[in-house]
Each structure stands twice: as C-alpha cells, then as structure tokens.
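Undergrad: Enclosed is the structure file start_18.csv (CSV, C-alpha atoms).
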```
chain,number,residue,atom,x,y,z
A,396,MET,CA,-20.5,-5.1,-1.4
A,397,GLN,CA,-17.4,-3.0,-1.0
A,398,HIS,CA,-14.2,-3.9,-2.9
A,399,PHE,CA,-11.5,-5.3,-0.6
A,400,ALA,CA,-9.3,-2.2,-1.2
A,401,GLU,CA,-12.1,0.1,-0.1
A,402,ARG,CA,-12.5,-2.1,3.0
A,403,ILE,CA,-8.8,-2.0,3.9
A,404,VAL,CA,-8.5,1.8,3.2
A,405,SER,CA,-11.5,2.4,5.4
A,406,ALA,CA,-10.2,0.3,8.2
A,407,LEU,CA,-6.8,2.1,8.1
A,408,ALA,CA,-8.4,5.5,7.9
A,409,GLU,CA,-10.8,4.8,10.7
A,410,ALA,CA,-8.0,3.7,12.9
A,411,GLN,CA,-6.1,6.9,12.1
A,412,CYS,CA,-3.2,5.1,10.5
A,413,GLN,CA,-0.6,7.1,8.7
A,414,PHE,CA,-0.3,5.8,5.1
A,415,VAL,CA,-0.2,6.8,1.5
A,416,ILE,CA,-1.9,4.9,-1.4
A,417,VAL,CA,0.8,4.0,-3.9
A,418,GLY,CA,1.1,1.7,-6.9
A,419,GLY,CA,-1.5,1.0,-9.5
A,420,LEU,CA,-4.4,2.4,-7.5
A,421,SER,CA,-2.7,5.7,-7.1
A,422,ALA,CA,-2.3,5.9,-10.9
A,423,VAL,CA,-6.0,5.1,-11.4
A,424,LEU,CA,-7.0,7.8,-8.8
A,425,HIS,CA,-4.9,10.3,-10.8
A,426,GLY,CA,-6.8,9.3,-14.0
A,427,ALA,CA,-4.4,6.9,-15.6
A,428,PRO,CA,-6.3,4.4,-17.9
A,429,ILE,CA,-4.8,1.2,-16.3
A,430,VAL,CA,-6.4,-1.7,-14.5
A,431,THR,CA,-5.1,-2.9,-11.2
A,432,GLN,CA,-6.2,-5.8,-9.0
A,433,ASP,CA,-4.3,-5.1,-5.9
A,434,LEU,CA,-3.7,-2.5,-3.2
A,435,ASP,CA,-0.4,-1.0,-2.3
A,436,VAL,CA,0.2,1.4,0.6
A,437,CYS,CA,3.3,3.0,2.1
A,438,TYR,CA,3.0,3.3,5.8
A,439,ARG,CA,4.8,5.3,8.5
A,440,ARG,CA,7.1,3.2,10.7
A,441,THR,CA,6.5,4.6,14.1
A,442,PRO,CA,5.6,2.3,17.1
A,443,GLU,CA,2.2,4.0,17.5
A,444,ASN,CA,1.4,3.7,13.8
A,445,LEU,CA,2.5,0.0,13.7
A,446,THR,CA,0.1,-0.7,16.6
A,447,ARG,CA,-2.8,1.1,14.8
A,448,ILE,CA,-2.1,-0.7,11.5
A,449,ALA,CA,-1.9,-4.2,13.2
A,450,LYS,CA,-5.2,-3.5,15.0
A,451,ALA,CA,-6.9,-2.2,11.9
A,452,LEU,CA,-5.8,-5.1,9.7
A,453,ALA,CA,-6.4,-7.9,12.2
A,454,PRO,CA,-10.0,-8.6,11.1
A,455,PHE,CA,-8.8,-9.2,7.5
A,456,ASP,CA,-6.9,-12.4,8.5
A,457,LEU,CA,-4.0,-11.4,6.2
A,458,ARG,CA,-1.3,-14.0,5.2
A,459,LEU,CA,2.2,-13.5,3.9
A,460,ARG,CA,2.5,-14.3,0.2
A,461,ASP,CA,5.2,-16.3,-1.5
A,462,ILE,CA,7.0,-17.6,1.6
A,463,PRO,CA,8.7,-21.0,1.7
A,464,GLU,CA,6.9,-24.1,2.8
A,465,GLY,CA,6.9,-24.5,6.6
A,466,VAL,CA,7.5,-20.9,7.4
A,467,PRO,CA,4.6,-19.4,9.5
A,468,ASP,CA,2.5,-17.2,7.2
A,469,THR,CA,0.7,-15.1,9.8
A,470,PHE,CA,0.8,-11.3,9.8
A,471,ASP,CA,0.5,-9.4,13.0
A,472,ARG,CA,2.1,-6.6,15.1
A,473,ARG,CA,5.2,-8.7,15.7
A,474,SER,CA,5.6,-9.1,11.9
A,475,LEU,CA,5.6,-5.3,11.5
A,476,ASP,CA,8.4,-5.1,14.1
A,477,PHE,CA,10.6,-7.4,12.1
A,478,GLY,CA,10.0,-6.4,8.6
A,479,THR,CA,9.6,-3.4,6.3
A,480,ASN,CA,7.8,-4.4,3.1
A,481,PHE,CA,5.1,-7.1,3.2
A,482,THR,CA,3.4,-8.8,0.3
A,483,LEU,CA,0.1,-10.0,1.8
A,484,ALA,CA,-3.0,-11.9,0.7
A,485,LEU,CA,-6.5,-12.1,2.0
A,486,ARG,CA,-7.9,-15.6,2.3
A,487,ASP,CA,-9.9,-15.2,-0.9
A,488,GLY,CA,-6.8,-14.3,-2.9
A,489,GLU,CA,-6.8,-10.5,-3.1
A,490,GLU,CA,-3.3,-9.0,-2.8
A,491,PHE,CA,-2.2,-6.2,-0.6
A,492,ASP,CA,1.3,-4.8,-0.3
A,493,LEU,CA,2.3,-2.9,2.8
A,494,LEU,CA,5.5,-0.9,2.1
A,495,GLY,CA,7.7,0.8,4.5
A,496,GLU,CA,10.2,1.8,1.8
A,497,MET,CA,9.9,2.3,-1.9
A,498,ALA,CA,12.6,2.3,-4.6
A,499,ALA,CA,14.0,5.7,-5.5
A,500,ILE,CA,11.6,7.7,-3.3
A,501,GLY,CA,11.9,6.3,0.3
A,502,GLY,CA,9.3,5.9,2.9
A,503,TYR,CA,6.2,7.7,4.2
A,504,ASP,CA,8.1,10.7,5.7
A,505,ALA,CA,9.8,11.3,2.3
A,506,ILE,CA,6.6,11.2,0.2
A,507,ILE,CA,3.8,12.5,2.4
A,508,GLY,CA,4.5,16.2,1.7
A,509,ARG,CA,4.3,15.6,-2.1
A,510,SER,CA,1.2,13.4,-2.0
A,511,ALA,CA,-2.3,14.6,-3.0
A,512,GLU,CA,-5.3,14.2,-0.8
A,513,MET,CA,-8.2,12.4,-2.5
A,514,GLU,CA,-11.5,11.0,-1.4
A,515,VAL,CA,-11.3,7.2,-1.3
A,516,ALA,CA,-14.0,5.0,0.2
A,517,GLY,CA,-15.5,8.1,1.9
A,518,HIS,CA,-12.3,9.3,3.5
A,519,LEU,CA,-9.7,11.9,2.6
A,520,ILE,CA,-6.6,9.8,1.9
A,521,ALA,CA,-3.0,10.7,0.8
A,522,VAL,CA,-2.3,9.4,-2.7
A,523,LEU,CA,1.2,9.2,-4.2
A,524,SER,CA,2.0,11.8,-6.8
A,525,LEU,CA,2.3,10.7,-10.4
A,526,GLU,CA,5.8,12.1,-10.5
A,527,ASP,CA,6.8,9.9,-7.6
A,528,LEU,CA,5.0,6.9,-9.0
A,529,ILE,CA,7.0,7.3,-12.2
A,530,ARG,CA,10.3,7.5,-10.3
A,531,THR,CA,9.6,4.4,-8.2
A,532,ALA,CA,8.3,2.4,-11.2
A,533,ARG,CA,11.4,3.2,-13.2
A,534,ALA,CA,13.7,2.4,-10.3
A,535,ALA,CA,11.9,-0.9,-9.5
A,536,GLY,CA,12.5,-2.0,-13.1
A,537,ARG,CA,9.9,-4.8,-13.1
A,538,PRO,CA,8.4,-5.5,-16.5
A,539,LYS,CA,4.9,-4.6,-15.4
A,540,ASP,CA,6.1,-1.2,-14.0
A,541,LEU,CA,8.2,-0.5,-17.1
A,542,ALA,CA,5.2,-1.3,-19.4
A,543,ALA,CA,3.0,1.2,-17.5
A,544,LEU,CA,5.5,4.0,-17.7
A,545,PRO,CA,4.3,5.4,-21.1
A,546,ILE,CA,0.8,5.5,-19.8
A,547,LEU,CA,1.8,7.2,-16.5
A,548,GLU,CA,3.9,9.7,-18.4
A,549,ALA,CA,1.1,10.5,-20.8
A,550,THR,CA,-1.3,10.9,-17.9
A,551,LEU,CA,1.1,13.3,-16.2
A,552,GLN,CA,1.2,15.4,-19.4
```
Here is a file; write its structure as structure tokens.

TA:
Amino acid sequence: MQHFAERIVSALAEAQCQFVIVGGLSAVLHGAPIVTQDLDVCYRRTPENLTRIAKALAPFDLRLRDIPEGVPDTFDRRSLDFGTNFTLALRDGEEFDLLGEMAAIGGYDAIIGRSAEMEVAGHLIAVLSLEDLIRTARAAGRPKDLAALPILEATLQ
C-alpha cells in the first residue's frame, strides 16, 4: 500500500497542480538523515491552480487541524479562497500542510526557479532546495526546525 504522502503527491501531479515539496520530506529527498511523518507542500495561488488542488484533494476527506471547538473543520475550494497556509489531517491522523507562503522565502513563484526536480511516487516533482529549506527553518524558529539545522547544513556540505 502506498504511503499517504505518495498518494497525495500522485493526486496533485496527476491533476497538474503547481506545487513544490517542502519541509522534512524535501530534506529526506536531498539525502538528509532525518525522519519525517508528514507532508508539506507550497502551492501556487492562482484561481486555476486552487481549483485543481481542491479537486485533487477532495477524495482524501481532509480536515483542518487544531481549530477551536465548534468551527467547521472542512477543507474545500472555498477554504483555499479564504486562507493561505493550511494545517490539515487525513481521517486516520496523517498530517499534511498546504502552504501558500513560507517564512523568509515567500511562495511558489519565489521558489520554483530554485527548486530541483526529483522523481517522487513515479512523477517528476519540484522539491525545495536545501538552501531554501535552511533559510525557512531558521526564520520559522520552531524548536524542531532549529534542531534539524545542523543536519541540514551538514547535508548541504
């Protein structure tokens, strides 16, 4: 059975969505010896791409994570219109972050030209460069990102 990240990447690629794999999986794809349990992608925020993304992700029955009680947790095309960065979960608990903007490096249009193409789940997919991953991890300043910095920098060397 395919890992949930492979299923999502395949669905996005087959729908011709414009996105870049970022976060821990991009580090792993570049050879960093880290473990990641989630999927993070940065997506292009054009109306056409938002429609393709919503259609590609609809079968996954994604829900918004960490929202207050009583707030609807559905994720759909309308959600994409009203937000930029989404922390999502599949019903069985896997986590998926859909990012329109990233700290220190911007959005899809700012990073696509510096991304590497790699084969992922049988598709050629744009993957964030290690240099950009290091920049955004440092700017985000979260403990888990800061802890990974020495590993990312060593991998870059």

Undergrad: Can you build me a table of segment 451-550 of chain A residues sitting at most 8 Å from segment 417-436 of chain A, with the closest atom pair per residue and its distance in Å to one decimal, using all atoms listed in the file, sorted by chain and residue number, as CSV?

TA:
```
residue,atom,partner,partner_atom,distance
A:Glu489,CA,A:Asp433,CA,6.6
A:Glu490,CA,A:Asp433,CA,5.1
A:Phe491,CA,A:Leu434,CA,4.8
A:Asp492,CA,A:Asp435,CA,4.6
A:Leu493,CA,A:Val436,CA,5.3
A:Leu494,CA,A:Val436,CA,6.0
A:Met513,CA,A:Leu424,CA,7.9
A:Val522,CA,A:Ser421,CA,5.8
A:Leu523,CA,A:Val417,CA,5.2
A:Ser524,CA,A:Ser421,CA,7.7
A:Leu525,CA,A:Ala422,CA,6.7
A:Leu528,CA,A:Gly418,CA,6.8
A:Ala543,CA,A:Ile429,CA,7.9
A:Ile546,CA,A:Ala427,CA,6.8
A:Leu547,CA,A:Ala427,CA,6.3
A:Thr550,CA,A:Ala427,CA,5.6
```

Undergrad: Write the residues you've just listed into a file as an mmCIF file, in the frame of the given file, and include C-alpha atoms for each of them.

TA:
```
data_model
loop_
_atom_site.group_PDB
_atom_site.id
_atom_site.type_symbol
_atom_site.label_atom_id
_atom_site.label_comp_id
_atom_site.auth_asym_id
_atom_site.auth_seq_id
_atom_site.Cartn_x
_atom_site.Cartn_y
_atom_site.Cartn_z
ATOM 1 C CA GLU A 489 -6.800 -10.500 -3.100
ATOM 2 C CA GLU A 490 -3.300 -9.000 -2.800
ATOM 3 C CA PHE A 491 -2.200 -6.200 -0.600
ATOM 4 C CA ASP A 492 1.300 -4.800 -0.300
ATOM 5 C CA LEU A 493 2.300 -2.900 2.800
ATOM 6 C CA LEU A 494 5.500 -0.900 2.100
ATOM 7 C CA MET A 513 -8.200 12.400 -2.500
ATOM 8 C CA VAL A 522 -2.300 9.400 -2.700
ATOM 9 C CA LEU A 523 1.200 9.200 -4.200
ATOM 10 C CA SER A 524 2.000 11.800 -6.800
ATOM 11 C CA LEU A 525 2.300 10.700 -10.400
ATOM 12 C CA LEU A 528 5.000 6.900 -9.000
ATOM 13 C CA ALA A 543 3.000 1.200 -17.500
ATOM 14 C CA ILE A 546 0.800 5.500 -19.800
ATOM 15 C CA LEU A 547 1.800 7.200 -16.500
ATOM 16 C CA THR A 550 -1.300 10.900 -17.900
#
```

Undergrad: What does the distance between atom CA of Leu452 of chain A and atom CA of Ala505 of chain A come to in Å, to one decimal place?

TA: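 Going from atom CA of Leu452 of chain A over to atom CA of Ala505 of chain A covers 23.8 Å.
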
Undergrad: Would you pick out the contacts of Ala535 of chain A at 9 Å or less, using all atoms listed in the file, so that residues sharing its chain but fewer than 4 positions from it are not included, and give the list as a ChimeraX atom specification?

TA: /A:497-499,530-531,540-541

Undergrad: List the spatial neighbours of segment 457-471 of chain A as a list in words - criterion: any atom at most 6 Å away, only C-alpha atoms, same-chain residues fewer than 2 positions off excluded.

TA: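 Contacts, with the query itself left out: Ala449, Phe455, Arg473, Ser474, Thr482, Leu483, Ala484 and Leu485 of chain A.
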
Undergrad: Hey, can you check how far atom CA of Glu496 of chain A sits from atom CA of Ala516 of chain A?

TA: 24.5 Å

Undergrad: What does the distance between atom CA of Ala451 of chain A and atom CA of Glu514 of chain A come to in Å, to one decimal place?

TA: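 Atom-to-atom, atom CA of Ala451 of chain A and atom CA of Glu514 of chain A are spaced 19.3 Å apart.
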
Undergrad: Neighbouring residues of Asp476 of chain A were defined as those with any atom within 9 Å, considering all atoms listed in the file; residues of the same chain fewer than 3 positions away were excluded. Please report them as a ChimeraX atom specification.

TA: /A:442,445,472-473,479

Undergrad: Please determine, counting only C-alpha atoms, which residue among A:Leu475, A:Ile520, A:Ala400, A:Ala511 has the shortest atom-to-atom distance to Cys412 of chain A.

TA: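 Looking at the shortest contact to Cys412 of chain A, the residue is A:Ile520.
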
Undergrad: Between A:Ile416, A:Ala406, A:Lys539, A:Phe477, which is the closest to Ala453 of chain A once you count only C-alpha atoms?

TA: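 Nearest to Ala453 of chain A: A:Ala406.
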
Undergrad: Within 8 Å of Ile529 of chain A, counting all atoms listed in the file, which residues show up once you throw out same-chain ones fewer than 3 positions away? Write them as a list of chain:residue names, please.

TA: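 Result of the neighbour search: A:Leu525, A:Glu526, A:Ala532, A:Arg533, A:Leu544, A:Leu547, A:Glu548.
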
Undergrad: Nearest to Asp527 of chain A among A:Ala549, A:Ala542, A:Ser510, A:Val515, with distances taken over all atoms listed in the file: which residue is it?

TA: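 When distances to Asp527 of chain A are compared using all atoms listed in the file, the smallest one comes from A:Ser510.
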
Undergrad: Edge lengths and centre in Å to one decimal, as AutoDock Vina command-line options, is what I'm after for the box along x, y and z that holds all listed atoms of segment 488-504 of chain A once 3 Å is added on each side.

TA:
```
--center_x 3.6 --center_y -1.8 --center_z 0.1 --size_x 26.8 --size_y 31.0 --size_z 17.2
```

Undergrad: Taking into account all atoms listed in the file, which residue in the set A:Ile506, A:Ile500, A:Ile448, A:Cys437 is nearest to Asn480 of chain A?

TA: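 Closest to Asn480 of chain A of all the choices is A:Cys437.
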